[in-house]
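S.K.: Below are the structure tokens for one structure; questions will follow.
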Amino acid sequence: ENRYQPQEIEPKWQDHWHQSGLDQTGTDTSQPKFYALSMFPYPSGNLHMGHVRNYTITDVIARVKKMQGYRVLHPMGWDAFGLPAENAAIERGIPPAQWTEANITQMKTQLQPLGLSYDWSRELATCRPDYYRWTQWLFLQFFEAGLAYQKEAAVNWDPIDQTVLANEQVDSEGRSWRSGAIVERKLLRQWFLKITDYAEALLQDLETLTGWPERVKLMQANWIGKSTGAYLEFPIVGSEQKIGVFTTRPDTVYGVTYVVLAPEHPLTQTVTTKKQQAKVKKFIESISHESELERTAEDKPKRGLATGGNALNPFTGEEIPIWIADYVLVEYGTGAVMGVPAHDQRDYEFAQQNQLPIKTVIIPANPEVVKLDQAYTESGILINSGEFDGLESPIAKTKIIEFAESQGWGRARIQYRLRDWLISRQRYWGVPIPIIHCPDCGAVPVPDADLPVVLPENVAFTGRGASPLAQLEDWVNVKCPTCGKPAKRETDTMDTFIDSSWYFLRYADARNQEKPFDSALVNDWLPVDQYVGGIEHAILHLLYSRFFTKVLKDRGLINFSEPFQRLLTQGMVQGKTYKNPQTGKYVIPSQVKDPNNPVDPESGIALDVVYEKMSKSKHNGVAPGDVIAKYGADTARMFILFKAPPEKDLEWDDADVEGQFRFLNRVWRLVTGYIEKNPQVQSAHGEWSPDEKKLRRAIHTAIKEVSEDLAQDHQFNTAISELMKLSNALGDAADLITSPIYQEGIKTLLLLLSPFAPHISEELWQQLPNQTLEKSIHLQAWPKVDPTALVADEISLVIQIMGKTRGVIQVPAQAEANDLETYARNSEVGERYLAGQTVKKVIVVPGKLINFVLVN
Ligand code: ANZ
Ligand code: ZN
């Protein structure tokens, strides 16, 4: 018997496709291009369901586009630098490169059985010198453009191991992962990329990204955080210096009753009086341990101190005290604020605590809404504001800025929350920053000819002391490329987000030895037409990639300014968990005796059944390899695509996996049954019988619906439902087996199925009479809709009596509402249910149903 055996056919076709080069990138330049990209994985060594979902989605898109006549680029690679490899080196003595390459090999082995249509000839790994050579080259482009610079910034310092720690190496209590020491902050000179120069462009161009989820664009906009307002200066009494503040509410300037500096502000020392010096010093020290989050948390009391100094409000001529406080951040705006307690909630609370005056200068147009125990933070009408009294906030803002400008007190200002990108890492397993520090020439780029600066291999990993690179004297000490004097290499490596900020460009020309890429090739393939990945990258990775793209465009290396045309952020894959509601512990599913009535095997307490993101600690993971071994990759793919729309979370459900397996078995029997009967297909005879017409309509409806589901919002789930309908229609039309329509139906079913379940459809396609191996189903054209086939001669009309469905009749498609009523009344169903009844009302939904409302 000819059974569906995925374990046999899947490896066979994978081998065959590989040998025949089926998945190589399209080269026919007469075709439009399509670039389908999944976010490349970190090679942890372990492929999980989240990966499988991501790559399956992209694979279907790539396969459909190929059939629709596009030349497709669908590559894969490895985001291979990062901390875990270095931790493995510290803990187990395995060199990071070896650990990483072994993981890559293992994950490739795990990817192989999924039947993904990657062009592996373009594979890249960011940790290999043939890639990071160009990461270094690109860094030097930024350096040359003045977009890479050094300044002091705080790092996590482990005082016991005398080492810098990554954020991930500091636990939630602020302790080092290795030594357990309380981590300190330490200032180091580090490298930054000037992403703030591109803040406005990054914000503006979000509008052009029509193929992105609104939610992601909003997250990016909030991260960039544009505020419009004013820069105003308050002269320090008894000094020539002024305190500049950034405010979004210049209309409240008459209500300023004090000025606050961030404790770290450079003017703090200047304004502090002798009497306050000791206290201020102590305050600053105590603040240095708080994080930014703690300092600005809304529910936390604001801490502050008077400096003893005063400033002048130039608008009112009043002297006001200068304070320092933890809620003012040194990095934002000017690091100083004008305190307006009547109209800013934080200022209000601060003023209350410290008995500072509160002066109302804005009243609501509708005074009923005033609440006395909090700031009035809305717009309104100005009072107590001299010549600006009576103006509304928006107009007052403009007038006050104009006036300030005419007096030399300030000007309009736009402020972004986005900060420059700190890219220095004091670690080994990353791209070495290609800079040599010379005492005379300063920071000198490593000359092109000396790239890449290769990571040395004879390195000790102890987790203690300076970074491994900094400990290698031979490597560190070099001659200055400019003047030849003794100089030192930069020992910092780059943030791995840099590696992933340009990999999508490299795929267009992955084997280039002379340049990071050929511009013409990149300009041809990019932007990426469909990018697919997790929402966790909604901010940083996407923002950095957009930034790189814009800089490279300005450098003349590429001709487009946005890298990703369309973005799909796929939902999580969730597994079933059994959770003890009292302890919060997750019970291992195999220990739950009765899944219908799950109780904790120890305490007997009833367990909550909830779906959560798959993870080891929750015992709810499903290993891709296990599913494939049991059902095959085609079933796994079908299930993932069918169970939920791609953006939504997906609940893993064994019964539904079974369901997809059964569907593929049905397809198998349908098609092999057809092949075994080996029918003599009649030649087309122009005039189709009503049954043939009906089947033809089902076929073309499926083509239309599947094509639309795929074109619009990647509704794979409804597309698969259409495939099920078509397979049922063919099952019902067994009488037509010799009709050319039936043959068209079988072929269409396989063609439409092939992007989703590439192996079974190839196997059955090849078994069809007159197929040859050269004509892979994946090289066939996507079926076209014949609109004439969609026109129905007859439609099914549902008959309802009092809203209850009582039967279905066939009626002419063109019938009018009146006719429909006649057909319904005269039908068998109508006669049975309407006999002796009085009809009160008839409701007709044309083309669908008729409902008789009776008098009872
Ligand atoms: C006076 C004022 C009056 C303000 C008022 C608000 C309401 P966004 O929108 O986030 O840009 N601010 C400015 N620099 C600050 C800093 N370094 N640390 C903490 N707060 C700072 O916020 C801008 C507002 O945040 C500014 O406008 C300033 O307070 C405060 F009725 O100035 B405002
Ligand atoms: Zn020099």
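Ordered as shown in the structure tokens, chains take letters A, B, and onward, while each chain numbers its residues from 1 and ligands are numbered from 1 in the order shown.
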Would you give me, as a tab-separated table, each residue of chain A having an atom within 12 Å of an atom of ligand 2, along with its shortest atom pair and that distance in Å to one decimal, using only C-alpha atoms and all ligand atoms and sorting by chain and residue number?
M.R.:
```
residue	atom	partner	partner_atom_place_in_ligand_line	distance
A:Ile435	CA	ligand 2	1 (Zn)	11.8
A:Ile436	CA	ligand 2	1 (Zn)	8.8
A:His437	CA	ligand 2	1 (Zn)	7.8
A:Cys438	CA	ligand 2	1 (Zn)	4.6
A:Pro439	CA	ligand 2	1 (Zn)	6.5
A:Asp440	CA	ligand 2	1 (Zn)	4.9
A:Cys441	CA	ligand 2	1 (Zn)	4.1
A:Gly442	CA	ligand 2	1 (Zn)	6.9
A:Ala443	CA	ligand 2	1 (Zn)	8.6
A:Val444	CA	ligand 2	1 (Zn)	7.6
A:Pro445	CA	ligand 2	1 (Zn)	10.8
A:Val446	CA	ligand 2	1 (Zn)	11.8
A:Val478	CA	ligand 2	1 (Zn)	10.7
A:Lys479	CA	ligand 2	1 (Zn)	7.9
A:Cys480	CA	ligand 2	1 (Zn)	4.7
A:Pro481	CA	ligand 2	1 (Zn)	6.7
A:Thr482	CA	ligand 2	1 (Zn)	5.0
A:Cys483	CA	ligand 2	1 (Zn)	4.1
A:Gly484	CA	ligand 2	1 (Zn)	6.0
A:Lys485	CA	ligand 2	1 (Zn)	5.7
A:Pro486	CA	ligand 2	1 (Zn)	7.8
A:Ala487	CA	ligand 2	1 (Zn)	7.2
A:Lys488	CA	ligand 2	1 (Zn)	10.2
```
S.K.: Could you save those same residues with N, CA and C atoms as a tab-separated table (two decimals), in the first residue's frame?
M.R.:
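Contents of part05.tsv, freshly written:
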```
chain	number	residue	atom	x	y	z
A	435	ILE	N	41.36	50.80	15.61
A	435	ILE	CA	41.96	52.12	15.89
A	435	ILE	C	43.27	51.88	16.64
A	436	ILE	N	44.26	52.73	16.36
A	436	ILE	CA	45.53	52.70	17.10
A	436	ILE	C	45.69	54.05	17.77
A	437	HIS	N	45.98	54.01	19.07
A	437	HIS	CA	46.12	55.27	19.81
A	437	HIS	C	47.60	55.65	19.86
A	438	CYS	N	47.89	56.81	19.31
A	438	CYS	CA	49.27	57.31	19.30
A	438	CYS	C	49.35	58.52	20.21
A	439	PRO	N	50.39	58.60	21.03
A	439	PRO	CA	50.50	59.75	21.93
A	439	PRO	C	50.56	61.07	21.15
A	440	ASP	N	51.08	61.04	19.93
A	440	ASP	CA	51.20	62.27	19.15
A	440	ASP	C	50.02	62.48	18.20
A	441	CYS	N	49.60	61.43	17.51
A	441	CYS	CA	48.59	61.60	16.46
A	441	CYS	C	47.17	61.35	16.95
A	442	GLY	N	47.03	60.86	18.17
A	442	GLY	CA	45.69	60.58	18.68
A	442	GLY	C	45.15	59.28	18.15
A	443	ALA	N	43.84	59.22	17.91
A	443	ALA	CA	43.21	58.00	17.42
A	443	ALA	C	43.41	57.90	15.92
A	444	VAL	N	44.18	56.87	15.50
A	444	VAL	CA	44.51	56.71	14.08
A	444	VAL	C	43.85	55.44	13.56
A	445	PRO	N	43.13	55.53	12.41
A	445	PRO	CA	42.51	54.31	11.86
A	445	PRO	C	43.57	53.30	11.42
A	446	VAL	N	43.28	52.03	11.62
A	446	VAL	CA	44.14	50.99	11.06
A	446	VAL	C	44.03	51.09	9.55
A	478	VAL	N	51.95	48.43	19.21
A	478	VAL	CA	52.22	48.48	17.77
A	478	VAL	C	52.85	49.84	17.44
A	479	LYS	N	53.19	50.00	16.21
A	479	LYS	CA	53.71	51.30	15.76
A	479	LYS	C	52.56	52.12	15.21
A	480	CYS	N	52.62	53.42	15.43
A	480	CYS	CA	51.60	54.32	14.88
A	480	CYS	C	51.67	54.28	13.37
A	481	PRO	N	50.55	54.01	12.69
A	481	PRO	CA	50.57	53.93	11.23
A	481	PRO	C	50.94	55.27	10.59
A	482	THR	N	50.78	56.38	11.33
A	482	THR	CA	51.06	57.69	10.75
A	482	THR	C	52.51	58.09	10.98
A	483	CYS	N	52.97	58.05	12.24
A	483	CYS	CA	54.31	58.59	12.54
A	483	CYS	C	55.31	57.52	12.93
A	484	GLY	N	54.86	56.30	13.10
A	484	GLY	CA	55.80	55.22	13.39
A	484	GLY	C	56.22	55.10	14.84
A	485	LYS	N	55.81	56.01	15.69
A	485	LYS	CA	56.19	55.93	17.11
A	485	LYS	C	55.42	54.80	17.81
A	486	PRO	N	55.91	54.35	18.97
A	486	PRO	CA	55.19	53.32	19.71
A	486	PRO	C	53.77	53.78	20.04
A	487	ALA	N	52.83	52.92	19.78
A	487	ALA	CA	51.42	53.26	20.01
A	487	ALA	C	50.70	52.02	20.49
A	488	LYS	N	49.43	52.19	20.85
A	488	LYS	CA	48.67	51.06	21.40
A	488	LYS	C	47.38	50.85	20.63
```
S.K.: Using only C-alpha atoms, I'd like a table of the residues in region 499-601 of chain A that come within 12 Å of region 7-30 of chain A; for each, show the closest atom pair and its distance in Å rounded to one decimal, ordered by chain and ascending number, as a Markdown table.
M.R.:
```
| residue | atom | partner | partner_atom | distance |
| --- | --- | --- | --- | --- |
| A:Tyr507 | CA | A:Thr25 | CA | 10.5 |
| A:Ala508 | CA | A:Thr25 | CA | 9.7 |
| A:Asp509 | CA | A:Thr25 | CA | 11.2 |
| A:Ala510 | CA | A:Thr25 | CA | 11.9 |
| A:Leu521 | CA | A:Thr29 | CA | 11.5 |
| A:Asp524 | CA | A:Thr29 | CA | 9.6 |
| A:Trp525 | CA | A:Gly26 | CA | 10.7 |
```
S.K.: Looking only at the backbone, which of the residues in region 721-832 of chain A does DSSP tag as strand (DSSP E or B), as an MDAnalysis selection string?
M.R.: chainID A and resid 794:801 804:812
S.K.: Could you please extract the residues within 7 Å of ligand 1, counting only C-alpha atoms and all ligand atoms, and hand them back as a PDB file with N, CA and C atoms, in the first residue's frame?
M.R.:
```
ATOM      1  N   LYS A 226      10.902  62.973  20.385  1.00  0.00           N
ATOM      2  CA  LYS A 226      11.076  64.383  20.015  1.00  0.00           C
ATOM      3  C   LYS A 226      10.192  65.295  20.861  1.00  0.00           C
ATOM      4  N   SER A 227      10.775  66.354  21.411  1.00  0.00           N
ATOM      5  CA  SER A 227       9.988  67.364  22.126  1.00  0.00           C
ATOM      6  C   SER A 227      10.279  68.731  21.534  1.00  0.00           C
ATOM      7  N   VAL A 245      18.113  76.117  30.430  1.00  0.00           N
ATOM      8  CA  VAL A 245      17.176  75.013  30.650  1.00  0.00           C
ATOM      9  C   VAL A 245      16.463  74.698  29.343  1.00  0.00           C
ATOM     10  N   PHE A 246      16.010  73.443  29.244  1.00  0.00           N
ATOM     11  CA  PHE A 246      15.105  73.093  28.146  1.00  0.00           C
ATOM     12  C   PHE A 246      13.720  72.924  28.736  1.00  0.00           C
ATOM     13  N   THR A 247      12.728  73.572  28.123  1.00  0.00           N
ATOM     14  CA  THR A 247      11.352  73.422  28.594  1.00  0.00           C
ATOM     15  C   THR A 247      10.405  73.230  27.423  1.00  0.00           C
ATOM     16  N   THR A 248       9.419  72.385  27.639  1.00  0.00           N
ATOM     17  CA  THR A 248       8.363  72.237  26.630  1.00  0.00           C
ATOM     18  C   THR A 248       7.233  73.224  26.923  1.00  0.00           C
ATOM     19  N   ARG A 249       7.362  73.962  28.037  1.00  0.00           N
ATOM     20  CA  ARG A 249       6.279  74.862  28.424  1.00  0.00           C
ATOM     21  C   ARG A 249       6.769  76.289  28.687  1.00  0.00           C
ATOM     22  N   PRO A 250       7.309  76.943  27.635  1.00  0.00           N
ATOM     23  CA  PRO A 250       7.736  78.338  27.851  1.00  0.00           C
ATOM     24  C   PRO A 250       6.574  79.234  28.296  1.00  0.00           C
ATOM     25  N   THR A 252       4.812  78.845  30.708  1.00  0.00           N
ATOM     26  CA  THR A 252       4.718  78.870  32.181  1.00  0.00           C
ATOM     27  C   THR A 252       5.867  79.632  32.828  1.00  0.00           C
ATOM     28  N   ALA A 262      20.780  69.139  37.628  1.00  0.00           N
ATOM     29  CA  ALA A 262      21.141  67.751  37.924  1.00  0.00           C
ATOM     30  C   ALA A 262      22.350  67.817  38.849  1.00  0.00           C
ATOM     31  N   TYR A 327      15.706  64.079  40.404  1.00  0.00           N
ATOM     32  CA  TYR A 327      14.801  63.842  39.273  1.00  0.00           C
ATOM     33  C   TYR A 327      15.220  64.584  38.012  1.00  0.00           C
ATOM     34  N   VAL A 328      16.272  65.371  38.106  1.00  0.00           N
ATOM     35  CA  VAL A 328      16.791  66.018  36.906  1.00  0.00           C
ATOM     36  C   VAL A 328      18.007  65.232  36.427  1.00  0.00           C
ATOM     37  N   LEU A 329      17.933  64.805  35.163  1.00  0.00           N
ATOM     38  CA  LEU A 329      18.986  63.952  34.608  1.00  0.00           C
ATOM     39  C   LEU A 329      20.007  64.790  33.859  1.00  0.00           C
ATOM     40  N   VAL A 330      21.266  64.466  34.059  1.00  0.00           N
ATOM     41  CA  VAL A 330      22.305  65.296  33.457  1.00  0.00           C
ATOM     42  C   VAL A 330      22.360  65.107  31.945  1.00  0.00           C
ATOM     43  N   GLU A 331      21.942  63.931  31.454  1.00  0.00           N
ATOM     44  CA  GLU A 331      22.093  63.685  30.011  1.00  0.00           C
ATOM     45  C   GLU A 331      20.952  64.263  29.171  1.00  0.00           C
ATOM     46  N   TYR A 332      19.846  64.593  29.780  1.00  0.00           N
ATOM     47  CA  TYR A 332      18.730  65.050  28.955  1.00  0.00           C
ATOM     48  C   TYR A 332      18.666  66.566  28.905  1.00  0.00           C
ATOM     49  N   GLY A 333      18.322  67.102  27.736  1.00  0.00           N
ATOM     50  CA  GLY A 333      18.193  68.551  27.583  1.00  0.00           C
ATOM     51  C   GLY A 333      19.497  69.227  27.953  1.00  0.00           C
ATOM     52  N   THR A 334      19.432  70.151  28.903  1.00  0.00           N
ATOM     53  CA  THR A 334      20.653  70.833  29.338  1.00  0.00           C
ATOM     54  C   THR A 334      21.093  70.336  30.701  1.00  0.00           C
ATOM     55  N   GLY A 335      20.352  69.385  31.254  1.00  0.00           N
ATOM     56  CA  GLY A 335      20.682  68.912  32.596  1.00  0.00           C
ATOM     57  C   GLY A 335      20.199  69.871  33.673  1.00  0.00           C
ATOM     58  N   ALA A 336      19.317  70.771  33.290  1.00  0.00           N
ATOM     59  CA  ALA A 336      18.760  71.727  34.264  1.00  0.00           C
ATOM     60  C   ALA A 336      17.315  72.006  33.889  1.00  0.00           C
ATOM     61  N   VAL A 337      16.475  72.276  34.892  1.00  0.00           N
ATOM     62  CA  VAL A 337      15.082  72.614  34.579  1.00  0.00           C
ATOM     63  C   VAL A 337      14.651  73.852  35.335  1.00  0.00           C
ATOM     64  N   MET A 338      13.663  74.536  34.741  1.00  0.00           N
ATOM     65  CA  MET A 338      13.017  75.618  35.480  1.00  0.00           C
ATOM     66  C   MET A 338      11.862  74.988  36.250  1.00  0.00           C
ATOM     67  N   GLY A 339      11.795  75.239  37.547  1.00  0.00           N
ATOM     68  CA  GLY A 339      10.770  74.612  38.365  1.00  0.00           C
ATOM     69  C   GLY A 339       9.477  75.401  38.322  1.00  0.00           C
ATOM     70  N   VAL A 340       8.419  74.737  37.819  1.00  0.00           N
ATOM     71  CA  VAL A 340       7.114  75.398  37.735  1.00  0.00           C
ATOM     72  C   VAL A 340       6.110  74.529  38.502  1.00  0.00           C
ATOM     73  N   HIS A 343       2.391  73.835  37.551  1.00  0.00           N
ATOM     74  CA  HIS A 343       1.988  73.236  36.275  1.00  0.00           C
ATOM     75  C   HIS A 343       2.782  72.006  35.859  1.00  0.00           C
ATOM     76  N   ASP A 344       3.631  71.519  36.738  1.00  0.00           N
ATOM     77  CA  ASP A 344       4.349  70.282  36.464  1.00  0.00           C
ATOM     78  C   ASP A 344       4.265  69.432  37.722  1.00  0.00           C
ATOM     79  N   THR A 377      -1.602  70.635  34.630  1.00  0.00           N
ATOM     80  CA  THR A 377      -0.547  70.454  33.632  1.00  0.00           C
ATOM     81  C   THR A 377      -1.023  70.669  32.192  1.00  0.00           C
ATOM     82  N   GLN A 415      14.232  68.986  21.089  1.00  0.00           N
ATOM     83  CA  GLN A 415      15.040  68.106  21.916  1.00  0.00           C
ATOM     84  C   GLN A 415      14.645  66.659  21.634  1.00  0.00           C
TER      85      GLN A 415
END
```
S.K.: For CA of Gln471 (chain A) and CA of Val183 (chain A), quote the distance in Å rounded to one decimal.
M.R.: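 Taking CA of Gln471 (chain A) as the start and CA of Val183 (chain A) as the end point, the length is 21.9 Å.
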S.K.: Interatomic distance between CA of Glu708 (chain A) and CA of Lys725 (chain A)?
M.R.: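 For CA of Glu708 (chain A) relative to CA of Lys725 (chain A), the distance reads 15.7 Å.
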S.K.: Extract, using only C-alpha atoms, all DNA, RNA and protein residues at most 12 Å from Trp177 (chain A), discarding same-chain residues fewer than 4 positions from it, and format them as a list in words.
M.R.: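 Answer for this query is Asn87, Glu91, Asn156, Trp157, Asp158, Ile160, Asp161, Thr163, Val164, Leu165, Ala166, Asn167, Glu168, Gln169, Val170, Asp171, Ser172, Glu173, Ala181, Ile182, Val183, Gly463 and Arg464 of chain A.
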S.K.: Go ahead and write the residues just picked, C-alpha atoms, as a short mmCIF file (atom, residue, chain, number, x, y, z; two decimals), in the first residue's frame.
M.R.:
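Saved the output as part_27.cif:
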```cif
data_model
loop_
_atom_site.label_atom_id
_atom_site.label_comp_id
_atom_site.auth_asym_id
_atom_site.auth_seq_id
_atom_site.Cartn_x
_atom_site.Cartn_y
_atom_site.Cartn_z
CA ASN A 87 31.20 32.72 29.22
CA GLU A 91 33.61 28.44 32.57
CA ASN A 156 29.78 48.21 35.42
CA TRP A 157 32.87 47.55 37.50
CA ASP A 158 33.43 44.43 39.58
CA ILE A 160 36.78 41.99 43.33
CA ASP A 161 37.59 40.59 39.90
CA THR A 163 36.87 43.67 35.58
CA VAL A 164 34.22 45.40 33.52
CA LEU A 165 30.92 43.53 33.36
CA ALA A 166 28.28 43.47 30.66
CA ASN A 167 24.78 44.40 31.84
CA GLU A 168 23.80 40.74 31.50
CA GLN A 169 26.50 39.81 33.99
CA VAL A 170 24.95 41.94 36.71
CA ASP A 171 22.04 40.35 38.54
CA SER A 172 18.87 42.09 39.69
CA GLU A 173 20.45 42.86 43.05
CA ALA A 181 30.57 41.64 44.52
CA ILE A 182 28.29 44.68 44.50
CA VAL A 183 28.89 46.22 41.11
CA GLY A 463 36.84 36.50 33.91
CA ARG A 464 39.24 38.59 35.98
#
```
S.K.: Given only C-alpha atoms as the basis, pick out the residue of A:Phe461, A:Phe547, A:Tyr586, A:Trp652 nearest to Val573 (chain A).
M.R.: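 Between A:Phe461, A:Phe547, A:Tyr586, A:Trp652, the residue approaching Val573 (chain A) most closely is A:Trp652.
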